[in-house]
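> Below you'll find coords13.txt; it's compact mmCIF, C-alpha atoms (C1' of nucleotides).
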# COMPACT_ATOMS: atom_id res chain seq x y z
CA MET A 1 62.51 -39.69 29.61
CA ARG A 2 59.53 -37.59 30.33
CA HIS A 3 61.22 -35.53 33.01
CA ILE A 4 63.94 -34.62 30.55
CA CYS A 5 61.37 -33.43 28.09
CA LEU A 6 59.78 -31.33 30.77
CA ILE A 7 63.08 -29.69 31.55
CA MET A 8 63.60 -28.95 27.89
CA ASP A 9 60.18 -27.40 27.69
CA THR A 10 61.05 -24.94 30.41
CA LYS A 11 64.51 -23.97 29.27
CA ARG A 12 64.48 -23.52 25.53
CA PRO A 13 66.55 -20.49 24.69
CA THR A 14 66.07 -20.84 20.98
CA ALA A 15 63.42 -21.59 18.40
CA ARG A 16 60.02 -20.57 19.69
CA GLU A 17 61.30 -17.84 21.97
CA ALA A 18 63.65 -16.51 19.34
CA ILE A 19 60.82 -16.34 16.85
CA ILE A 20 58.57 -14.49 19.27
CA ALA A 21 61.30 -12.04 20.12
CA ALA A 22 62.08 -11.47 16.46
CA ALA A 23 58.40 -11.02 15.67
CA PHE A 24 58.10 -8.28 18.27
CA GLU A 25 61.13 -6.52 16.86
CA VAL A 26 60.14 -6.78 13.22
CA LEU A 27 56.41 -6.16 13.55
CA SER A 28 56.82 -3.16 15.81
CA ARG A 29 58.77 -1.50 13.03
CA ASN A 30 56.66 -2.81 10.19
CA PRO A 31 53.25 -4.22 11.16
CA GLY A 32 52.81 -5.71 7.69
CA ALA A 33 56.13 -7.54 7.63
CA LYS A 34 56.27 -10.94 5.99
CA LEU A 35 56.76 -14.13 7.96
CA SER A 36 59.99 -14.69 6.05
CA ASP A 37 61.32 -11.42 7.47
CA ILE A 38 60.51 -12.60 10.95
CA ALA A 39 62.06 -16.01 10.38
CA GLU A 40 65.19 -14.42 9.01
CA ARG A 41 65.46 -12.07 11.97
CA ALA A 42 65.02 -15.01 14.31
CA GLY A 43 67.77 -16.88 12.51
CA VAL A 44 65.54 -19.80 11.59
CA GLY A 45 64.07 -21.11 8.38
CA ARG A 46 60.59 -20.19 7.31
CA ALA A 47 59.55 -23.82 7.61
CA THR A 48 60.66 -23.92 11.24
CA LEU A 49 58.56 -20.90 11.98
CA HIS A 50 55.57 -22.74 10.57
CA ARG A 51 56.39 -25.75 12.71
CA TYR A 52 55.95 -23.62 15.82
CA PHE A 53 53.17 -21.41 14.55
CA ALA A 54 50.81 -22.95 12.06
CA SER A 55 49.68 -19.65 10.62
CA ARG A 56 50.28 -15.93 10.83
CA ASP A 57 47.27 -15.59 13.06
CA ASP A 58 48.70 -18.22 15.35
CA LEU A 59 51.87 -16.21 15.71
CA ILE A 60 50.06 -12.93 16.31
CA GLN A 61 47.94 -14.63 18.89
CA ALA A 62 51.01 -16.00 20.64
CA LEU A 63 52.50 -12.51 20.64
CA ALA A 64 49.37 -11.08 22.18
CA MET A 65 49.36 -13.79 24.79
CA THR A 66 53.00 -13.09 25.57
CA ALA A 67 52.21 -9.40 25.89
CA VAL A 68 49.39 -10.11 28.30
CA GLU A 69 51.64 -12.30 30.42
CA GLU A 70 54.44 -9.77 30.47
CA MET A 71 52.07 -7.02 31.41
CA ASP A 72 50.67 -9.16 34.19
CA GLU A 73 54.16 -9.72 35.46
CA ALA A 74 55.11 -6.07 35.17
CA ALA A 75 51.96 -5.07 37.00
CA GLU A 76 52.58 -7.56 39.77
CA VAL A 77 56.14 -6.36 40.29
CA ALA A 78 55.06 -2.75 40.20
CA MET A 79 52.38 -3.33 42.80
CA LYS A 80 54.62 -5.34 45.11
CA ASP A 81 55.65 -2.59 47.47
CA ALA A 82 52.79 -0.20 46.93
CA ARG A 83 51.23 1.00 50.16
CA SER A 84 47.86 1.77 48.65
CA TYR A 85 45.84 0.99 45.56
CA SER A 86 46.48 4.52 44.34
CA GLU A 87 50.22 4.03 44.59
CA ALA A 88 49.84 0.72 42.83
CA LEU A 89 47.97 2.28 39.92
CA LYS A 90 50.60 4.95 39.56
CA ALA A 91 53.35 2.35 39.65
CA ILE A 92 51.58 0.42 36.91
CA VAL A 93 51.60 3.43 34.66
CA SER A 94 55.35 3.75 35.09
CA ALA A 95 55.81 0.06 34.51
CA PHE A 96 53.71 -0.06 31.35
CA ILE A 97 55.16 2.93 29.57
CA PRO A 98 58.40 1.18 28.58
CA LEU A 99 56.46 -1.70 27.07
CA GLY A 100 54.83 0.43 24.43
CA ASP A 101 57.36 0.20 21.68
CA ARG A 102 57.04 -3.58 21.69
CA TYR A 103 53.28 -3.91 21.98
CA SER A 104 51.74 -0.96 20.24
CA PHE A 105 51.54 -2.75 16.88
CA LEU A 106 49.13 -5.22 18.46
CA MET A 107 46.52 -2.50 18.61
CA ARG A 108 46.43 -2.50 14.81
CA GLU A 109 45.92 -6.22 14.55
CA PRO A 110 42.41 -7.53 14.10
CA LEU A 111 42.74 -9.95 17.02
CA GLU A 112 39.62 -11.05 18.86
CA GLU A 113 37.54 -14.20 18.50
CA SER A 114 40.12 -16.56 19.97
CA THR A 115 38.57 -17.73 23.20
CA ALA A 116 41.74 -18.19 25.22
CA LEU A 117 43.14 -14.81 24.30
CA ALA A 118 39.85 -12.99 24.56
CA GLU A 119 39.47 -14.35 28.06
CA GLU A 120 42.87 -13.02 29.04
CA PHE A 121 42.03 -9.61 27.66
CA GLU A 122 38.77 -9.61 29.49
CA ARG A 123 40.40 -10.68 32.72
CA GLN A 124 43.08 -8.03 32.48
CA ALA A 125 40.55 -5.33 31.67
CA GLU A 126 38.46 -6.44 34.61
CA GLU A 127 41.47 -6.31 36.92
CA THR A 128 42.22 -2.78 35.81
CA ARG A 129 38.61 -1.90 36.38
CA GLN A 130 38.58 -3.27 39.88
CA LEU A 131 41.85 -1.64 40.80
CA ILE A 132 40.45 1.67 39.65
CA GLU A 133 37.32 1.06 41.69
CA LYS A 134 39.51 0.60 44.74
CA THR A 135 41.44 3.79 44.09
CA LYS A 136 38.09 5.51 43.87
CA LYS A 137 37.26 4.30 47.36
CA GLU A 138 40.60 5.64 48.53
CA GLY A 139 39.47 9.01 47.30
CA LEU A 140 41.82 9.22 44.31
CA PHE A 141 39.09 9.78 41.77
CA ASP A 142 35.74 11.48 41.77
CA PRO A 143 33.12 8.79 42.43
CA ALA A 144 30.83 10.62 40.03
CA VAL A 145 33.11 9.82 37.11
CA PRO A 146 32.09 6.53 35.48
CA THR A 147 34.66 3.81 35.98
CA ASP A 148 34.31 2.96 32.29
CA TRP A 149 35.63 6.38 31.42
CA LEU A 150 38.46 6.06 33.91
CA VAL A 151 39.51 2.86 32.21
CA GLN A 152 39.32 4.48 28.76
CA ALA A 153 41.29 7.50 29.91
CA PHE A 154 43.83 5.29 31.65
CA ASP A 155 44.38 3.19 28.55
CA HIS A 156 44.53 6.04 26.09
CA LEU A 157 46.81 8.20 28.20
CA LEU A 158 49.07 5.19 28.32
CA TYR A 159 49.02 5.08 24.53
CA ALA A 160 49.72 8.80 24.50
CA GLY A 161 52.74 8.09 26.67
CA TRP A 162 53.91 5.38 24.31
CA GLU A 163 53.61 7.69 21.35
CA SER A 164 55.34 10.46 23.21
CA VAL A 165 58.28 8.22 23.99
CA ARG A 166 58.34 6.69 20.52
CA THR A 167 58.64 10.05 18.81
CA GLY A 168 61.34 11.12 21.21
CA GLN A 169 59.31 13.90 22.76
CA THR A 170 59.82 12.59 26.27
CA THR A 171 61.66 9.99 28.28
CA PRO A 172 59.65 7.07 29.65
CA ARG A 173 59.83 8.61 33.10
CA GLN A 174 58.52 11.96 31.90
CA ALA A 175 55.77 10.28 29.92
CA ALA A 176 54.66 8.33 32.96
CA ASP A 177 54.57 11.48 35.07
CA LEU A 178 52.64 13.42 32.46
CA ALA A 179 50.13 10.64 31.90
CA TRP A 180 49.57 10.29 35.62
CA ARG A 181 49.23 14.01 36.13
CA THR A 182 46.77 14.28 33.26
CA LEU A 183 44.68 11.45 34.61
CA THR A 184 44.53 12.74 38.16
CA HIS A 185 44.89 16.51 38.12
CA GLY A 186 44.68 17.47 34.47
CA LEU A 187 46.94 19.98 32.83
CA LYS A 188 45.41 23.26 33.95
CA ALA A 189 47.63 26.03 35.22
CA MET B 1 31.49 24.16 -22.42
CA ARG B 2 34.05 24.55 -19.76
CA HIS B 3 31.75 26.31 -17.38
CA ILE B 4 29.32 23.43 -17.63
CA CYS B 5 32.04 21.01 -16.74
CA LEU B 6 32.95 23.11 -13.77
CA ILE B 7 29.38 23.07 -12.57
CA MET B 8 29.27 19.32 -12.91
CA ASP B 9 32.43 18.98 -10.91
CA THR B 10 30.85 20.83 -8.04
CA LYS B 11 27.48 19.14 -8.02
CA ARG B 12 27.92 15.44 -8.52
CA PRO B 13 25.62 13.63 -6.16
CA THR B 14 26.60 10.20 -7.36
CA ALA B 15 29.62 8.13 -8.30
CA ARG B 16 32.69 9.49 -6.54
CA GLU B 17 30.85 10.82 -3.54
CA ALA B 18 28.74 7.71 -3.23
CA ILE B 19 31.85 5.58 -3.28
CA ILE B 20 33.55 7.65 -0.61
CA ALA B 21 30.48 7.56 1.59
CA ALA B 22 30.16 3.81 1.13
CA ALA B 23 33.84 3.32 1.87
CA PHE B 24 33.50 5.15 5.18
CA GLU B 25 30.53 3.02 6.12
CA VAL B 26 32.03 -0.30 5.12
CA LEU B 27 35.58 0.26 6.30
CA SER B 28 34.57 1.61 9.68
CA ARG B 29 32.84 -1.70 10.33
CA ASN B 30 35.45 -3.86 8.67
CA PRO B 31 38.83 -2.21 7.99
CA GLY B 32 39.88 -5.12 5.80
CA ALA B 33 36.81 -5.06 3.58
CA LYS B 34 37.27 -5.77 -0.12
CA LEU B 35 36.82 -3.11 -2.76
CA SER B 36 33.97 -5.14 -4.19
CA ASP B 37 32.12 -4.77 -0.89
CA ILE B 38 32.56 -1.03 -1.07
CA ALA B 39 31.47 -0.86 -4.69
CA GLU B 40 28.40 -2.92 -3.92
CA ARG B 41 27.48 -0.72 -0.98
CA ALA B 42 27.91 2.33 -3.18
CA GLY B 43 25.66 0.79 -5.79
CA VAL B 44 28.28 0.89 -8.51
CA GLY B 45 30.30 -1.71 -10.33
CA ARG B 46 33.77 -2.61 -9.27
CA ALA B 47 35.12 -1.26 -12.54
CA THR B 48 33.55 2.12 -11.91
CA LEU B 49 35.21 2.29 -8.52
CA HIS B 50 38.54 1.73 -10.24
CA ARG B 51 37.75 4.47 -12.71
CA TYR B 52 37.54 6.95 -9.87
CA PHE B 53 40.24 5.48 -7.69
CA ALA B 54 43.06 3.73 -9.44
CA SER B 55 44.04 1.62 -6.46
CA ARG B 56 43.02 0.79 -2.93
CA ASP B 57 45.64 3.18 -1.64
CA ASP B 58 44.18 5.89 -3.82
CA LEU B 59 40.82 5.38 -2.23
CA ILE B 60 42.16 5.32 1.31
CA GLN B 61 44.08 8.47 0.59
CA ALA B 62 40.95 10.16 -0.71
CA LEU B 63 39.13 9.11 2.44
CA ALA B 64 41.85 10.55 4.61
CA MET B 65 41.77 13.76 2.63
CA THR B 66 38.01 13.93 3.01
CA ALA B 67 38.35 13.38 6.73
CA VAL B 68 40.89 16.17 7.00
CA GLU B 69 38.60 18.54 5.12
CA GLU B 70 35.58 17.62 7.18
CA MET B 71 37.50 18.08 10.39
CA ASP B 72 38.72 21.46 9.19
CA GLU B 73 35.17 22.44 8.48
CA ALA B 74 33.89 21.11 11.80
CA ALA B 75 36.63 22.95 13.62
CA GLU B 76 35.91 26.19 11.82
CA VAL B 77 32.21 25.99 12.60
CA ALA B 78 32.91 25.10 16.20
CA MET B 79 35.26 28.04 16.64
CA LYS B 80 32.94 30.54 14.96
CA ASP B 81 31.33 31.98 18.04
CA ALA B 82 33.97 31.16 20.58
CA ARG B 83 34.94 34.12 22.73
CA SER B 84 38.38 32.82 23.54
CA TYR B 85 40.88 30.27 22.34
CA SER B 86 40.06 28.16 25.33
CA GLU B 87 36.40 28.12 24.43
CA ALA B 88 37.35 27.31 20.87
CA LEU B 89 39.41 24.31 21.93
CA LYS B 90 36.59 23.01 24.05
CA ALA B 91 34.15 23.46 21.20
CA ILE B 92 36.46 21.52 18.92
CA VAL B 93 36.43 18.57 21.28
CA SER B 94 32.65 18.51 21.17
CA ALA B 95 32.66 18.86 17.42
CA PHE B 96 35.16 16.07 16.83
CA ILE B 97 33.67 13.44 19.09
CA PRO B 98 30.78 12.60 16.72
CA LEU B 99 33.21 12.09 13.84
CA GLY B 100 34.95 9.18 15.48
CA ASP B 101 32.87 6.32 14.24
CA ARG B 102 33.57 7.32 10.66
CA TYR B 103 37.26 8.09 10.91
CA SER B 104 38.71 5.84 13.54
CA PHE B 105 39.57 3.10 11.04
CA LEU B 106 41.99 5.50 9.36
CA MET B 107 44.25 5.22 12.38
CA ARG B 108 44.84 1.58 11.46
CA GLU B 109 45.78 2.32 7.88
CA PRO B 110 49.44 2.61 6.98
CA LEU B 111 48.95 6.00 5.33
CA GLU B 112 51.88 8.40 5.12
CA GLU B 113 54.31 9.07 2.30
CA SER B 114 51.81 10.81 0.03
CA THR B 115 53.03 14.39 -0.10
CA ALA B 116 49.67 16.10 -0.46
CA LEU B 117 48.08 14.19 2.37
CA ALA B 118 51.11 14.31 4.63
CA GLU B 119 51.14 18.08 4.23
CA GLU B 120 47.52 18.33 5.29
CA PHE B 121 48.18 16.20 8.34
CA GLU B 122 51.15 18.30 9.23
CA ARG B 123 49.22 21.51 8.76
CA GLN B 124 46.33 20.31 10.88
CA ALA B 125 48.64 19.10 13.61
CA GLU B 126 50.41 22.43 13.55
CA GLU B 127 47.13 24.32 13.83
CA THR B 128 46.18 22.26 16.85
CA ARG B 129 49.56 22.96 18.32
CA GLN B 130 49.26 26.67 17.85
CA LEU B 131 45.74 26.79 19.20
CA ILE B 132 46.93 24.99 22.29
CA GLU B 133 49.80 27.43 22.62
CA LYS B 134 47.28 30.26 22.63
CA THR B 135 45.13 28.61 25.27
CA LYS B 136 48.27 28.31 27.31
CA LYS B 137 48.75 32.05 27.11
CA GLU B 138 45.16 32.49 28.22
CA GLY B 139 46.08 30.54 31.31
CA LEU B 140 44.15 27.41 30.48
CA PHE B 141 47.13 25.10 30.79
CA ASP B 142 50.25 25.02 32.88
CA PRO B 143 53.03 26.62 30.81
CA ALA B 144 55.41 24.07 32.29
CA VAL B 145 53.64 21.23 30.51
CA PRO B 146 55.21 20.62 27.09
CA THR B 147 52.90 21.52 24.24
CA ASP B 148 53.83 18.23 22.59
CA TRP B 149 52.29 16.39 25.50
CA LEU B 150 49.22 18.56 25.40
CA VAL B 151 48.73 17.62 21.78
CA GLN B 152 49.21 13.93 22.53
CA ALA B 153 46.80 14.05 25.44
CA PHE B 154 44.30 16.02 23.38
CA ASP B 155 44.40 13.52 20.54
CA HIS B 156 44.28 10.41 22.67
CA LEU B 157 41.52 11.65 24.95
CA LEU B 158 39.59 12.29 21.77
CA TYR B 159 40.18 8.68 20.77
CA ALA B 160 39.09 7.64 24.25
CA GLY B 161 35.91 9.57 23.68
CA TRP B 162 35.36 7.89 20.33
CA GLU B 163 35.80 4.49 21.90
CA SER B 164 33.56 5.39 24.77
CA VAL B 165 30.78 6.39 22.39
CA ARG B 166 31.36 3.46 20.08
CA THR B 167 30.96 0.93 22.86
CA GLY B 168 27.85 2.67 24.11
CA GLN B 169 29.35 3.67 27.44
CA THR B 170 28.52 7.32 26.94
CA THR B 171 26.69 9.71 24.67
CA PRO B 172 28.79 11.99 22.47
CA ARG B 173 28.00 14.89 24.77
CA GLN B 174 29.09 13.01 27.87
CA ALA B 175 32.24 11.83 26.16
CA ALA B 176 33.14 15.37 25.17
CA ASP B 177 32.61 16.61 28.71
CA LEU B 178 34.65 13.80 30.20
CA ALA B 179 37.49 14.23 27.74
CA TRP B 180 37.58 17.96 28.39
CA ARG B 181 37.47 17.54 32.12
CA THR B 182 40.23 14.98 32.03
CA LEU B 183 42.42 17.21 29.92
CA THR B 184 41.94 20.30 32.04
CA HIS B 185 41.20 19.25 35.59
CA GLY B 186 41.79 15.52 35.66
CA LEU B 187 39.52 13.07 37.38
CA LYS B 188 40.53 13.47 41.01
CA ALA B 189 37.88 13.73 43.67
C1' DC C 1 16.78 11.79 -32.01
C1' DC C 2 21.80 11.46 -32.01
C1' DA C 3 26.28 10.98 -30.32
C1' DT C 4 29.31 10.86 -26.72
C1' DA C 5 30.45 9.57 -22.30
C1' DA C 6 29.63 6.77 -18.33
C1' DT C 7 28.49 2.44 -16.57
C1' DG C 8 27.91 -2.64 -15.33
C1' DA C 9 29.09 -7.23 -15.87
C1' DG C 10 32.50 -10.21 -16.15
C1' DA C 11 36.54 -12.39 -18.13
C1' DC C 12 41.43 -12.16 -17.58
C1' DA C 13 46.09 -11.56 -15.91
C1' DT C 14 48.93 -10.54 -11.92
C1' DA C 15 51.13 -10.41 -7.80
C1' DT C 16 52.34 -12.02 -3.50
C1' DA C 17 52.09 -13.85 0.95
C1' DT C 18 50.83 -18.06 2.83
C1' DG C 19 50.92 -22.76 3.92
C1' DT C 20 52.57 -27.60 2.60
C1' DC C 21 55.80 -30.92 1.53
C1' DT C 22 60.27 -33.24 0.59
C1' DC C 23 64.89 -34.28 1.49
C1' DA C 24 69.50 -33.67 2.78
C1' DT C 25 71.96 -32.01 6.81
C1' DT C 26 72.76 -31.02 11.48
C1' DT C 27 72.13 -31.54 16.29
C1' DG C 28 71.95 -33.83 20.56
C1' DA C 29 71.02 -37.53 23.67
C1' DG C 30 72.40 -42.13 25.10
C1' DC D 1 79.48 -43.66 17.59
C1' DT D 2 74.54 -44.14 16.46
C1' DC D 3 70.08 -42.90 15.73
C1' DA D 4 66.14 -40.15 16.15
C1' DA D 5 64.48 -35.56 16.22
C1' DA D 6 64.97 -30.97 14.62
C1' DT D 7 66.27 -28.00 11.10
C1' DG D 8 67.19 -25.40 6.64
C1' DA D 9 66.63 -24.79 1.94
C1' DG D 10 63.65 -24.62 -1.47
C1' DA D 11 60.20 -26.39 -4.61
C1' DC D 12 55.29 -26.49 -4.92
C1' DA D 13 50.40 -25.57 -4.61
C1' DT D 14 46.94 -22.30 -3.09
C1' DA D 15 44.17 -18.63 -2.27
C1' DT D 16 42.54 -14.23 -2.94
C1' DA D 17 42.33 -9.42 -3.58
C1' DT D 18 43.79 -6.43 -6.98
C1' DG D 19 44.05 -4.16 -11.24
C1' DT D 20 43.16 -4.31 -16.45
C1' DC D 21 40.49 -4.82 -20.34
C1' DT D 22 36.46 -5.60 -23.41
C1' DC D 23 31.88 -5.03 -24.80
C1' DA D 24 27.10 -4.37 -24.55
C1' DT D 25 23.93 -1.16 -22.28
C1' DT D 26 22.39 2.99 -20.39
C1' DA D 27 22.22 7.82 -19.46
C1' DT D 28 22.74 12.45 -20.87
C1' DG D 29 23.46 16.65 -23.07
C1' DG D 30 22.57 19.14 -27.33
If you convert what's in this file into structure tokens, what do you get?


Amino acid sequence: MRHICLIMDTKRPTAREAIIAAAFEVLSRNPGAKLSDIAERAGVGRATLHRYFASRDDLIQALAMTAVEEMDEAAEVAMKDARSYSEALKAIVSAFIPLGDRYSFLMREPLEESTALAEEFERQAEETRQLIEKTKKEGLFDPAVPTDWLVQAFDHLLYAGWESVRTGQTTPRQAADLAWRTLTHGLKA
Amino acid sequence: MRHICLIMDTKRPTAREAIIAAAFEVLSRNPGAKLSDIAERAGVGRATLHRYFASRDDLIQALAMTAVEEMDEAAEVAMKDARSYSEALKAIVSAFIPLGDRYSFLMREPLEESTALAEEFERQAEETRQLIEKTKKEGLFDPAVPTDWLVQAFDHLLYAGWESVRTGQTTPRQAADLAWRTLTHGLKA
DNA sequence: CCATAATGAGACATATATGTCTCATTTGAG
DNA sequence: CTCAAATGAGACATATATGTCTCATTATGG
């Protein structure tokens, strides 16, 4: 019996996954959307949503966790065939830009406090930090520039890319190039 | 009689102004704070707050309008003795960085729709755009870089500076320098 | 000192999302 | 087919900020 349950846990195309997917869709368009909107979009009853996610915060937290996992995965794939840390960082920019329209609403949520999620955030931030440190040693960035600022600039230029794509000003590819150029060489003539 | 009223409108050290000041203080620490918290901080009753601002949205809108005005003023002062548009833009970065801790919560508010405020936003964005266009003609930026991206990068590096100051990573002066450097020359070695 | 306006305190009504619970129905495994 | 688990629909209770209103008190201008 148990092994069957385990299989079902792994391959469950509906319910929980459908709700998470619907939540991303709905909340990215309207961050204040009601749970009933999300349930409807997911094609499930509101009660079922509550069976999987006890509260709104629970759901938001699950979304954030999903985002972290997907970004981890995207980063890993992007770094796979990079020949240097600098190439890897650049590849990550390109890989993250298309994720913006799904995740950007999370920035407006008052997350925090949850230990499990906070740890993941911290870990991911630390990984970014260390990758940037390594690119510094490769000579990509001026060692005199604080790594903290590099992280801030990296993050916010990513957001700028998201916004740029969202408003139709650029394609994801263009946004990635512009963000990378800004970070490394700036925009001077 | 009327002239007296006019004078009172101009010099009113209490009530409305106190509420706005308190709202900035309270909301920048806790964006979801209750109106009663704001009223208390302002030293007025909740009813009085409602006499000046019919609804929460009204208050938020007034805060946004205040922010726009203060940024206009800060920009004007900063540009006063600039000898070029490029210098002016740089001065604006320095002038805006210290404003972050008061205004950043406004980014999380679902503003929009209000005609008067939306117009101000649009005007200010357009002014930034045109200033950047002029710095382009002075040779500060690569003409091949879309002005839209320059505006995005400008805004988001400003936010990066705000965050950097807020978390104590840098002083406002350092943040301004780093943001400017990133925008113009990037962070390469 | 007077009269008007502004204020504070608090009761009151409202709205609305949220979370809980029940029960009939459906689904899926054996 | 049978039964247990999952689900949907919807009633129900709850919580809480919000906005309104009243009235006694205070402040202020004349």

> Residues proximal to (42.9, -14.1, 19.5) were defined as those with any atom within 12 Å of that point in the file's coordinates, counting all atoms listed in the file. Which are they, as a list in words?

Arg56, Asp57, Asp58, Leu59, Ile60, Gln61, Ala62, Leu63, Ala64, Met65, Thr66, Val68, Leu106, Glu109, Pro110, Leu111, Glu112, Glu113, Ser114, Thr115, Ala116, Leu117, Ala118, Glu119, Glu120, Phe121 and Glu122 of chain A

> For a quick check of your reading of the model, name the residues lying within 12 Å of the coordinate (58.7, 2.8, 11.1), counting only C-alpha atoms (C1' of nucleotides), and write them as a PyMOL selection string.

(chain A and resi 25-33+101+105+166-167) or (chain B and resi 110-113)

> Return the neighbours of chain C among the residues of chain B, cut-off 9 Å, counting all atoms listed in the file, as a VMD selection string.

chain B and resid 44 to 48

> So the first atom is CA of Leu157 in chain A and the second is CA of Ala179 in chain A; what is the distance between them in Å, to one decimal place?

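Separation between CA of Leu157 in chain A and CA of Ala179 in chain A: 5.5 Å.
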
> Restrict the distance test to all atoms listed in the file, flag each residue of chain D within 9 Å of chain A, and return the flagged residues as a short mmCIF file (atom, residue, chain, number, x, y, z; two decimals) with C-alpha atoms (C1' of nucleotides), in the frame of the given file.


data_model
loop_
_atom_site.label_atom_id
_atom_site.label_comp_id
_atom_site.auth_asym_id
_atom_site.auth_seq_id
_atom_site.Cartn_x
_atom_site.Cartn_y
_atom_site.Cartn_z
"C1'" DA D 6 64.97 -30.97 14.62
"C1'" DT D 7 66.27 -28.00 11.10
"C1'" DG D 8 67.19 -25.40 6.64
"C1'" DA D 9 66.63 -24.79 1.94
#

> Each residue of chain B lying at most 8 Å from chain A should get a row with its shortest atom-to-atom pair and the distance in Å to one decimal, counting all atoms listed in the file; could you produce that, ordered by chain and increasing number, as a Markdown table?


| residue | atom | partner | partner_atom | distance |
| --- | --- | --- | --- | --- |
| B:Arg108 | CA | A:Arg108 | CA | 5.5 |
| B:Gly139 | CA | A:Ala189 | CA | 6.2 |
| B:Leu140 | CA | A:Lys188 | CA | 5.6 |
| B:Phe141 | CA | A:Lys188 | CA | 4.0 |
| B:Asp142 | CA | A:Ala189 | CA | 3.7 |
| B:Pro143 | CA | A:Ala189 | CA | 7.0 |
| B:Val145 | CA | A:Leu187 | CA | 7.2 |
| B:Asp148 | CA | A:Gln169 | CA | 7.0 |
| B:Trp149 | CA | A:Ser164 | CA | 7.1 |
| B:Leu150 | CA | A:Leu187 | CA | 7.9 |
| B:Gln152 | CA | A:Ala160 | CA | 5.5 |
| B:Ala153 | CA | A:Ala160 | CA | 6.1 |
| B:His156 | CA | A:His156 | CA | 5.6 |
| B:Leu157 | CA | A:His156 | CA | 6.5 |
| B:Tyr159 | CA | A:His156 | CA | 7.4 |
| B:Ala160 | CA | A:Gln152 | CA | 5.5 |
| B:Gly161 | CA | A:Gln152 | CA | 8.0 |
| B:Glu163 | CA | A:Gln152 | CA | 7.7 |
| B:Ser164 | CA | A:Trp149 | CA | 7.0 |
| B:Gln169 | CA | A:Asp148 | CA | 7.0 |
| B:Leu178 | CA | A:Trp149 | CA | 7.6 |
| B:Arg181 | CA | A:Gly186 | CA | 7.6 |
| B:Thr182 | CA | A:Gly186 | CA | 5.7 |
| B:Leu183 | CA | A:Gly186 | CA | 5.1 |
| B:Thr184 | CA | A:Gly186 | CA | 4.6 |
| B:His185 | CA | A:Gly186 | CA | 4.1 |
| B:Gly186 | CA | A:Gly186 | CA | 3.7 |
| B:Leu187 | CA | A:Thr184 | CA | 5.1 |
| B:Lys188 | CA | A:Phe141 | CA | 4.0 |
| B:Ala189 | CA | A:Asp142 | CA | 3.6 |

> Write out as JSON an axis-aligned box for range 161-166 of chain B: all of its atoms listed in the file, 5 Å added on each side, centre and edge lengths in Å with one decimal.


{"center_x": 33.3, "center_y": 6.5, "center_z": 22.4, "size_x": 15.1, "size_y": 16.1, "size_z": 14.7}

> For the atom pair CA of Glu40 in chain A and CA of Ile19 in chain A, what is the interatomic distance in Å to one decimal place?

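If I compute the distance from CA of Glu40 in chain A to CA of Ile19 in chain A, I get 9.2 Å.
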
> Using CA of Phe53 in chain A and CA of Ala23 in chain A as the two end points, give the distance in Å to one decimal.

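Computing the Euclidean distance for CA of Phe53 in chain A and CA of Ala23 in chain A yields 11.7 Å.
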
> If you count all atoms listed in the file, which residues fall within 10 Å of Arg16 in chain A, apart from same-chain ones fewer than 2 positions away, as a ChimeraX atom specification?

/A:12-14,18-22,42,44,48-49,51-53

> Could you tell me which of A:Arg129, A:Ile38, A:Tyr85, A:Met71 comes closest to Gly100 in chain A if we count only C-alpha atoms?

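Nearest candidate to Gly100 in chain A out of A:Arg129, A:Ile38, A:Tyr85, A:Met71: A:Met71.
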